[in-house]
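K.L.:
Shown below is the structure under consideration.
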Amino acid sequence: MNKVILRFSIIRSGEVFEAVFDLRLSFMENFEMLESICSVSLGEDSYIIDPEKQIALRKDVPLSSFAFPNFTTLCLF
């Protein structure tokens with residue numbers, strides 16, 4: 001299966017949302033598709049942080065390289 005459900009916490013606004021992302025695509029590509037249906041966007045100066053590992057994640061590699069389980073919470077800065 002090429003889908004994963006991710007939970008994002010937007011630090012600036014305090015909002016939380018969940019989205020189904022395609023593992024074959026990068027964060028940038030997934031957010032482009034998401035932006036076409038709702039107001040959530042990923043800017044060039046945004047960071048995606050994995051709070052468990054306390055690292056910033058690359059936005060230009062396929063999500064399959066991260067091996068996220070469903071409902072992983074990530075932070076958007």
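We name chains A, B, ... following the order of the structure tokens; residues begin at 1 in each chain, and ligands are numbered from 1 as shown.
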Run DSSP on the backbone and grab whatever in chain A lands in alpha helix (DSSP H); send it over as an NGL selection string.
P.N.:
:A and (27-35)
K.L.:
Quick check for you: according to DSSP on this backbone, which residues of chain A are classed as strand (DSSP E)? Reply as an MDAnalysis selection string.
P.N.:
chainID A and resid 3:10 16:22 48:50 55:57 72:76
K.L.:
Output N, CA and C atoms of each residue in that selection to a file, as a tab-separated table (two decimals), in the first residue's frame.
P.N.:
chain	number	residue	atom	x	y	z
A	3	LYS	N	0.06	4.42	0.81
A	3	LYS	CA	-0.54	5.54	1.53
A	3	LYS	C	-0.15	5.48	3.01
A	4	VAL	N	-0.05	6.66	3.62
A	4	VAL	CA	0.19	6.76	5.05
A	4	VAL	C	-0.61	7.95	5.57
A	5	ILE	N	-1.18	7.80	6.75
A	5	ILE	CA	-1.92	8.90	7.38
A	5	ILE	C	-0.96	9.58	8.35
A	6	LEU	N	-0.75	10.87	8.12
A	6	LEU	CA	0.15	11.65	8.97
A	6	LEU	C	-0.62	12.76	9.67
A	7	ARG	N	-0.24	13.04	10.90
A	7	ARG	CA	-0.84	14.13	11.68
A	7	ARG	C	0.19	15.25	11.76
A	8	PHE	N	-0.24	16.46	11.45
A	8	PHE	CA	0.64	17.62	11.46
A	8	PHE	C	0.16	18.62	12.49
A	9	SER	N	1.07	19.11	13.28
A	9	SER	CA	0.80	20.17	14.25
A	9	SER	C	1.48	21.43	13.72
A	10	ILE	N	0.66	22.44	13.39
A	10	ILE	CA	1.21	23.71	12.90
A	10	ILE	C	1.54	24.56	14.11
A	16	VAL	N	-4.07	21.49	14.27
A	16	VAL	CA	-3.65	20.12	14.01
A	16	VAL	C	-4.54	19.57	12.89
A	17	PHE	N	-3.93	18.89	11.93
A	17	PHE	CA	-4.72	18.26	10.88
A	17	PHE	C	-4.08	16.93	10.51
A	18	GLU	N	-4.90	16.06	9.93
A	18	GLU	CA	-4.44	14.77	9.46
A	18	GLU	C	-4.67	14.70	7.96
A	19	ALA	N	-3.76	14.03	7.25
A	19	ALA	CA	-3.88	13.89	5.80
A	19	ALA	C	-3.33	12.54	5.38
A	20	VAL	N	-3.90	12.02	4.30
A	20	VAL	CA	-3.40	10.79	3.69
A	20	VAL	C	-2.40	11.20	2.62
A	21	PHE	N	-1.17	10.76	2.78
A	21	PHE	CA	-0.11	11.11	1.84
A	21	PHE	C	0.33	9.87	1.07
A	22	ASP	N	0.81	10.11	-0.14
A	22	ASP	CA	1.32	9.06	-1.00
A	22	ASP	C	2.80	8.85	-0.68
A	48	ILE	N	9.74	20.76	8.52
A	48	ILE	CA	8.96	19.64	9.05
A	48	ILE	C	9.87	18.95	10.06
A	49	ILE	N	9.40	18.90	11.30
A	49	ILE	CA	10.21	18.36	12.39
A	49	ILE	C	9.58	17.06	12.90
A	50	ASP	N	10.39	16.05	13.10
A	50	ASP	CA	9.95	14.82	13.75
A	50	ASP	C	10.27	14.99	15.23
A	55	ILE	N	14.61	15.94	14.77
A	55	ILE	CA	15.36	16.34	13.58
A	55	ILE	C	14.41	16.97	12.56
A	56	ALA	N	14.97	17.82	11.71
A	56	ALA	CA	14.22	18.36	10.58
A	56	ALA	C	14.30	17.34	9.44
A	57	LEU	N	13.18	17.13	8.77
A	57	LEU	CA	13.12	16.15	7.70
A	57	LEU	C	13.28	16.82	6.34
A	72	THR	N	1.60	9.10	12.59
A	72	THR	CA	2.81	9.75	13.10
A	72	THR	C	2.54	11.25	13.17
A	73	THR	N	2.91	11.86	14.29
A	73	THR	CA	2.73	13.30	14.44
A	73	THR	C	4.02	14.03	14.09
A	74	LEU	N	3.90	15.00	13.19
A	74	LEU	CA	5.02	15.82	12.77
A	74	LEU	C	4.67	17.27	13.02
A	75	CYS	N	5.67	18.10	13.22
A	75	CYS	CA	5.44	19.53	13.48
A	75	CYS	C	5.86	20.36	12.28
A	76	LEU	N	5.04	21.37	11.94
A	76	LEU	CA	5.36	22.30	10.87
A	76	LEU	C	5.76	23.64	11.47
K.L.:
Just checking: using only C-alpha atoms, which residue out of A:Ser41, A:Asn70, A:Ser46, A:Ser13 ends up closest to Arg58 (chain A)?
P.N.:
A:Ser46
K.L.:
I'd like the contact shell of Leu63 (chain A) - 9 Å cut-off, only C-alpha atoms, skipping same-chain residues fewer than 2 positions apart - returned as a ChimeraX atom specification.
P.N.:
/A:4,21-27,59-61,65-68
K.L.:
Would you mind exporting C-alpha atoms of the selected residues as a JSON list (two decimals), in the first residue's frame?
P.N.:
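Written out: result.json:
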[["chain", "number", "residue", "atom", "x", "y", "z"],
["A", 4, "VAL", "CA", 0.19, 6.76, 5.05],
["A", 21, "PHE", "CA", -0.11, 11.11, 1.84],
["A", 22, "ASP", "CA", 1.32, 9.06, -1.00],
["A", 23, "LEU", "CA", 4.57, 7.35, 0.04],
["A", 24, "ARG", "CA", 5.91, 7.51, -3.52],
["A", 25, "LEU", "CA", 5.88, 11.32, -3.43],
["A", 26, "SER", "CA", 7.89, 13.84, -1.40],
["A", 27, "PHE", "CA", 6.47, 16.22, 1.21],
["A", 59, "LYS", "CA", 11.10, 17.82, 1.98],
["A", 60, "ASP", "CA", 12.38, 16.61, -1.40],
["A", 61, "VAL", "CA", 12.73, 12.83, -0.90],
["A", 65, "SER", "CA", 12.45, 6.59, 2.80],
["A", 66, "PHE", "CA", 11.20, 7.65, 6.26],
["A", 67, "ALA", "CA", 9.14, 4.47, 7.00],
["A", 68, "PHE", "CA", 6.44, 6.37, 8.94]]
K.L.:
Pick the closest to Glu29 (chain A) from A:Gly14, A:Pro62, A:Pro69, A:Pro51: which is it, counting only C-alpha atoms?
P.N.:
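When distances to Glu29 (chain A) are compared using only C-alpha atoms, the smallest one comes from A:Pro62.
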K.L.:
Provide the CA of Asp45 (chain A) to CA of Ser64 (chain A) distance in Å, to one decimal place.
P.N.:
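Going from CA of Asp45 (chain A) over to CA of Ser64 (chain A) covers 22.9 Å.
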